[in-house]
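**Q** I have a structure I would like to understand better, so I am pasting it below and will then ask my questions one at a time.
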Amino acid sequence: MTRSHFTAALSGVFSMKKIRTNALQQLAVFLTCALVLKITLNVIVSYRDYLPPNFDSDFLRGRQLYFFGSYRWAFYMHIAAGPCSLVLGMILLSEQFRLRFSCWHRRLGRIQTAVILLLLTPSGLWMAFYSHTGAIAGSGFAALAVGTGVCRPCARARTRPRFSTGIRHRRPVASSSERIDQKTIRSP
Ligand code: HEM
């Protein structure tokens with residue numbers, strides 16, 4: 001077997017690997033979108049118990065005592081911001097949308113950041129103190145709120161343009177298999 005045969009065989013193996021990775025990525029995005037849509041629909045269906053508040057419904061049962069205080073504001077803010085942040089996240093996942101409407105991709109990213117940091121996490125943190133499922137669940141929700149609040153700016157910092165040339169995030173970076181591929185193809 002000559003060196004060029006070996007090179008061709010190796011690059012074939014790496015191309016197959018790349019196709020498989022792309023297919024898995026697409027499957028992961030599809031499953032994520034299906035889950036997001038299901039959760040969003042479930043939440044929207046549950047609005048009939050929240051507008052106006054039905055204190056016989058599963059979630060609002062036993063919450064009359066404090067609902068009409070600050071909790072109400074946090075609650076409505078939360079159930080409006082939650083589905084918005086999920087749907088925006090789903091749009092932002094789309095590679096086609098990002099490539100065709102990069103300006104809108106950036107705008108929606110900023111809107112999603114604002115919705116998460118200004119509405120979703122503060123309201124979730126507030127509601128965590130009233131959780132009916134106990135202190136452990138309440139602390140878990142509080143940790144989720146703080147964690148989400150910290151992770152969102154970190155993600156934003158990572159995707160900020162790093163080069164004055166205007167190259168933005170998700171710049172196609174050669175994967176290790178592609179790098180080996182290029183190296184082997186270059187050498188005769
Ligand atoms: C940072 C992320 C989040 C935190 C910290 C958080 C926190 C909470 C807390 C503490 C409660 C009250 C639980 C209880 O009292 O037992 C709650 C309820 C709720 N959350 Fe979130 N949440 C977050 C994300 C979301 C998202 C993305 C959605 C979008 C669908 C959402 C939708 C709801 C709804 C609809 C309720 C009312 C309960 C129900 O109908 O099941 N939350 N959340």
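Ordered as shown in the structure tokens, chains take letters A, B, and onward, while each chain numbers its residues from 1 and ligands are numbered from 1 in the order shown.
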Env of Ala74 in chain A: 7 Å cut, atoms = only C-alpha atoms, seq-sep filter 4 positions within chain, self excluded. Answer as a PyMOL selection string.
**A** chain A and resi 70+78+123+126-127
**Q** Can you write just those residues out, N, CA and C atoms, as a compact mmCIF listing (two decimals), in the first residue's frame?
**A**
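And here is the file that came out, out11.txt:
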```txt
# COMPACT_ATOMS: atom_id res chain seq x y z
N SER A 70 -45.96 40.32 46.80
CA SER A 70 -44.90 40.39 45.78
C SER A 70 -44.84 39.11 44.94
N HIS A 78 -42.37 35.38 35.83
CA HIS A 78 -41.69 34.10 35.59
C HIS A 78 -42.38 33.29 34.49
N SER A 123 -37.06 36.40 39.23
CA SER A 123 -38.39 35.93 39.68
C SER A 123 -38.29 34.49 40.20
N TRP A 126 -36.89 34.59 43.66
CA TRP A 126 -37.90 35.05 44.63
C TRP A 126 -38.88 33.92 44.97
N MET A 127 -39.34 33.23 43.91
CA MET A 127 -40.31 32.16 44.12
C MET A 127 -39.71 30.98 44.89
```
**Q** With ligand 1 as the partner and 7 Å as the cut-off, tabulate the residues of chain A that qualify, each row holding the nearest pair of atoms and their distance in Å to one decimal, using only C-alpha atoms and all ligand atoms, sorted by chain and rising number, as JSON lines.
**A**
```
{"residue": "A:Ile39", "atom": "CA", "partner": "ligand 1", "partner_atom_place_in_ligand_line": "30 (C)", "distance": 6.0}
{"residue": "A:Thr40", "atom": "CA", "partner": "ligand 1", "partner_atom_place_in_ligand_line": "30 (C)", "distance": 5.5}
{"residue": "A:Val43", "atom": "CA", "partner": "ligand 1", "partner_atom_place_in_ligand_line": "35 (C)", "distance": 5.0}
{"residue": "A:Ser46", "atom": "CA", "partner": "ligand 1", "partner_atom_place_in_ligand_line": "40 (O)", "distance": 6.2}
{"residue": "A:Phe59", "atom": "CA", "partner": "ligand 1", "partner_atom_place_in_ligand_line": "38 (C)", "distance": 5.7}
{"residue": "A:His78", "atom": "CA", "partner": "ligand 1", "partner_atom_place_in_ligand_line": "33 (C)", "distance": 6.3}
{"residue": "A:Ile79", "atom": "CA", "partner": "ligand 1", "partner_atom_place_in_ligand_line": "35 (C)", "distance": 4.8}
{"residue": "A:Gly82", "atom": "CA", "partner": "ligand 1", "partner_atom_place_in_ligand_line": "29 (C)", "distance": 3.3}
{"residue": "A:Pro83", "atom": "CA", "partner": "ligand 1", "partner_atom_place_in_ligand_line": "29 (C)", "distance": 4.4}
{"residue": "A:Ser85", "atom": "CA", "partner": "ligand 1", "partner_atom_place_in_ligand_line": "27 (C)", "distance": 6.3}
{"residue": "A:Leu86", "atom": "CA", "partner": "ligand 1", "partner_atom_place_in_ligand_line": "27 (C)", "distance": 5.8}
{"residue": "A:Leu120", "atom": "CA", "partner": "ligand 1", "partner_atom_place_in_ligand_line": "1 (C)", "distance": 6.0}
{"residue": "A:Thr121", "atom": "CA", "partner": "ligand 1", "partner_atom_place_in_ligand_line": "1 (C)", "distance": 4.6}
{"residue": "A:Gly124", "atom": "CA", "partner": "ligand 1", "partner_atom_place_in_ligand_line": "7 (C)", "distance": 3.6}
{"residue": "A:Leu125", "atom": "CA", "partner": "ligand 1", "partner_atom_place_in_ligand_line": "5 (C)", "distance": 5.6}
{"residue": "A:Met127", "atom": "CA", "partner": "ligand 1", "partner_atom_place_in_ligand_line": "10 (C)", "distance": 4.5}
{"residue": "A:Ala128", "atom": "CA", "partner": "ligand 1", "partner_atom_place_in_ligand_line": "10 (C)", "distance": 3.5}
{"residue": "A:Tyr130", "atom": "CA", "partner": "ligand 1", "partner_atom_place_in_ligand_line": "15 (O)", "distance": 5.6}
{"residue": "A:Ser131", "atom": "CA", "partner": "ligand 1", "partner_atom_place_in_ligand_line": "15 (O)", "distance": 3.3}
{"residue": "A:His132", "atom": "CA", "partner": "ligand 1", "partner_atom_place_in_ligand_line": "16 (O)", "distance": 5.0}
{"residue": "A:Thr133", "atom": "CA", "partner": "ligand 1", "partner_atom_place_in_ligand_line": "16 (O)", "distance": 5.4}
{"residue": "A:Gly138", "atom": "CA", "partner": "ligand 1", "partner_atom_place_in_ligand_line": "10 (C)", "distance": 6.4}
{"residue": "A:Phe141", "atom": "CA", "partner": "ligand 1", "partner_atom_place_in_ligand_line": "5 (C)", "distance": 4.7}
{"residue": "A:Ala142", "atom": "CA", "partner": "ligand 1", "partner_atom_place_in_ligand_line": "5 (C)", "distance": 5.8}
{"residue": "A:Leu144", "atom": "CA", "partner": "ligand 1", "partner_atom_place_in_ligand_line": "5 (C)", "distance": 4.7}
{"residue": "A:Ala145", "atom": "CA", "partner": "ligand 1", "partner_atom_place_in_ligand_line": "5 (C)", "distance": 3.6}
{"residue": "A:Thr148", "atom": "CA", "partner": "ligand 1", "partner_atom_place_in_ligand_line": "1 (C)", "distance": 5.1}
```
**Q** Using only C-alpha atoms, which protein or nucleic acid residues come within 12 Å of Phe68 in chain A? Drop anything in the same chain fewer than 5 positions from it, and give the result as a list in words.
**A**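 Neighbouring residues, sequence-local ones excluded: Pro52, Pro53, Phe55, Leu60, Arg63, Trp73, Ala74, Phe75 and Tyr76 of chain A.
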**Q** Please, what distance in Å, to one decimal, runs between CA of Ser57 in chain A and CA of Val45 in chain A?
**A** 12.6 Å
**Q** Between CA of Arg98 in chain A and CA of Arg110 in chain A, what is the distance, to one decimal in Å?
**A**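 Result for CA of Arg98 in chain A versus CA of Arg110 in chain A: 13.7 Å, one decimal.
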**Q** With only C-alpha atoms as the atoms that count, which of A:Cys103, A:Val29, A:Ile116, A:Leu108 lies nearest to Val146 in chain A?
**A**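 Among A:Cys103, A:Val29, A:Ile116, A:Leu108, it is A:Ile116 that comes nearest to Val146 in chain A.
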**Q** Step one, run DSSP on the backbone; step two, keep only residues of range 6-163 of chain A assigned to helix (DSSP H, G or I); then write them as a PyMOL selection string.
**A** chain A and resi 6-50+64-93+95-100+102-128+135-159
**Q** Write the residues you've just listed into a file as a CSV table (one decimal), in the first residue's frame, and include C-alpha atoms for each of them.
**A**
```csv
chain,number,residue,atom,x,y,z
A,6,PHE,CA,-2.9,5.2,3.1
A,7,THR,CA,-3.6,9.0,3.0
A,8,ALA,CA,-6.8,8.5,1.0
A,9,ALA,CA,-8.0,5.7,3.3
A,10,LEU,CA,-7.3,7.8,6.4
A,11,SER,CA,-9.1,10.9,5.0
A,12,GLY,CA,-12.1,8.6,4.1
A,13,VAL,CA,-12.3,7.4,7.7
A,14,PHE,CA,-12.2,11.0,9.0
A,15,SER,CA,-14.9,12.1,6.5
A,16,MET,CA,-17.2,9.3,7.7
A,17,LYS,CA,-16.5,10.3,11.3
A,18,LYS,CA,-17.4,14.0,10.4
A,19,ILE,CA,-20.6,12.9,8.8
A,20,ARG,CA,-21.6,10.8,11.8
A,21,THR,CA,-20.8,13.7,14.2
A,22,ASN,CA,-22.9,16.1,12.1
A,23,ALA,CA,-25.8,13.7,12.1
A,24,LEU,CA,-25.6,13.3,15.9
A,25,GLN,CA,-25.4,17.1,16.3
A,26,GLN,CA,-28.5,17.5,14.1
A,27,LEU,CA,-30.3,14.8,16.1
A,28,ALA,CA,-29.4,16.5,19.4
A,29,VAL,CA,-30.7,19.9,18.1
A,30,PHE,CA,-33.9,18.2,16.9
A,31,LEU,CA,-34.6,16.4,20.2
A,32,THR,CA,-33.8,19.7,22.2
A,33,CYS,CA,-36.3,21.6,20.0
A,34,ALA,CA,-39.0,18.9,20.4
A,35,LEU,CA,-38.5,19.0,24.2
A,36,VAL,CA,-38.6,22.8,24.3
A,37,LEU,CA,-41.8,22.9,22.2
A,38,LYS,CA,-43.4,20.3,24.5
A,39,ILE,CA,-42.5,22.2,27.7
A,40,THR,CA,-43.7,25.6,26.2
A,41,LEU,CA,-47.0,24.1,25.1
A,42,ASN,CA,-47.5,22.5,28.6
A,43,VAL,CA,-46.8,25.9,30.3
A,44,ILE,CA,-49.1,27.7,27.9
A,45,VAL,CA,-51.9,25.2,28.5
A,46,SER,CA,-51.5,25.7,32.3
A,47,TYR,CA,-52.1,29.5,31.9
A,48,ARG,CA,-55.9,28.7,32.1
A,49,ASP,CA,-55.3,28.0,35.9
A,50,TYR,CA,-53.2,31.1,36.4
A,64,GLN,CA,-53.7,32.3,48.6
A,65,LEU,CA,-52.1,33.7,51.8
A,66,TYR,CA,-49.1,35.3,50.0
A,67,PHE,CA,-50.1,35.2,46.3
A,68,PHE,CA,-51.4,38.7,46.2
A,69,GLY,CA,-48.2,40.2,47.6
A,70,SER,CA,-44.9,40.4,45.8
A,71,TYR,CA,-45.2,36.7,44.8
A,72,ARG,CA,-47.9,37.5,42.2
A,73,TRP,CA,-45.5,39.8,40.3
A,74,ALA,CA,-42.7,37.3,40.4
A,75,PHE,CA,-45.0,34.5,39.4
A,76,TYR,CA,-46.5,36.3,36.3
A,77,MET,CA,-43.1,37.6,35.3
A,78,HIS,CA,-41.7,34.1,35.6
A,79,ILE,CA,-44.4,32.3,33.6
A,80,ALA,CA,-44.1,35.0,30.8
A,81,ALA,CA,-40.3,35.0,30.7
A,82,GLY,CA,-39.8,31.2,30.9
A,83,PRO,CA,-41.4,30.3,27.5
A,84,CYS,CA,-40.0,33.4,25.8
A,85,SER,CA,-36.4,32.4,26.9
A,86,LEU,CA,-37.0,28.8,25.7
A,87,VAL,CA,-38.4,29.8,22.3
A,88,LEU,CA,-35.6,32.4,21.8
A,89,GLY,CA,-33.0,29.8,22.7
A,90,MET,CA,-34.5,27.4,20.2
A,91,ILE,CA,-34.3,30.0,17.4
A,92,LEU,CA,-30.7,30.9,18.4
A,93,LEU,CA,-29.7,27.2,18.1
A,95,GLU,CA,-27.4,27.4,12.2
A,96,GLN,CA,-29.4,28.4,9.1
A,97,PHE,CA,-31.1,31.3,11.0
A,98,ARG,CA,-27.7,32.5,12.3
A,99,LEU,CA,-26.1,32.4,8.8
A,100,ARG,CA,-29.0,34.0,7.0
A,102,SER,CA,-26.8,37.2,11.6
A,103,CYS,CA,-28.0,40.6,12.6
A,104,TRP,CA,-31.3,39.2,14.0
A,105,HIS,CA,-29.4,36.4,15.6
A,106,ARG,CA,-27.4,38.9,17.6
A,107,ARG,CA,-30.4,41.0,18.5
A,108,LEU,CA,-32.4,38.0,19.7
A,109,GLY,CA,-29.4,36.9,21.7
A,110,ARG,CA,-29.3,40.2,23.5
A,111,ILE,CA,-33.1,40.1,24.1
A,112,GLN,CA,-32.8,36.5,25.5
A,113,THR,CA,-29.9,37.6,27.8
A,114,ALA,CA,-32.1,40.5,29.1
A,115,VAL,CA,-35.1,38.3,29.6
A,116,ILE,CA,-33.1,35.7,31.5
A,117,LEU,CA,-31.1,38.1,33.6
A,118,LEU,CA,-33.8,40.7,34.3
A,119,LEU,CA,-36.9,38.6,34.5
A,120,LEU,CA,-36.5,34.9,34.6
A,121,THR,CA,-33.8,34.4,37.2
A,122,PRO,CA,-34.8,37.1,39.7
A,123,SER,CA,-38.4,35.9,39.7
A,124,GLY,CA,-37.3,32.3,40.0
A,125,LEU,CA,-35.1,33.2,42.9
A,126,TRP,CA,-37.9,35.0,44.6
A,127,MET,CA,-40.3,32.2,44.1
A,128,ALA,CA,-37.7,29.7,45.4
A,135,ALA,CA,-36.0,23.5,51.9
A,136,ILE,CA,-33.9,21.2,49.7
A,137,ALA,CA,-36.0,21.8,46.6
A,138,GLY,CA,-36.1,25.6,47.4
A,139,SER,CA,-32.3,25.7,47.7
A,140,GLY,CA,-32.0,23.8,44.4
A,141,PHE,CA,-34.2,26.4,42.7
A,142,ALA,CA,-32.2,29.2,44.2
A,143,ALA,CA,-28.9,27.5,43.1
A,144,LEU,CA,-30.5,27.1,39.6
A,145,ALA,CA,-31.3,30.8,39.5
A,146,VAL,CA,-27.8,31.9,40.6
A,147,GLY,CA,-26.1,29.4,38.3
A,148,THR,CA,-28.2,30.5,35.3
A,149,GLY,CA,-27.5,34.2,36.2
A,150,VAL,CA,-23.8,33.5,36.3
A,151,CYS,CA,-23.6,31.2,33.2
A,152,ARG,CA,-25.4,33.5,30.8
A,153,PRO,CA,-22.9,36.4,31.0
A,154,CYS,CA,-20.0,33.8,30.8
A,155,ALA,CA,-21.6,32.4,27.6
A,156,ARG,CA,-21.9,35.9,26.2
A,157,ALA,CA,-18.3,36.7,27.0
A,158,ARG,CA,-17.2,33.6,25.1
A,159,THR,CA,-19.2,34.4,22.0
```
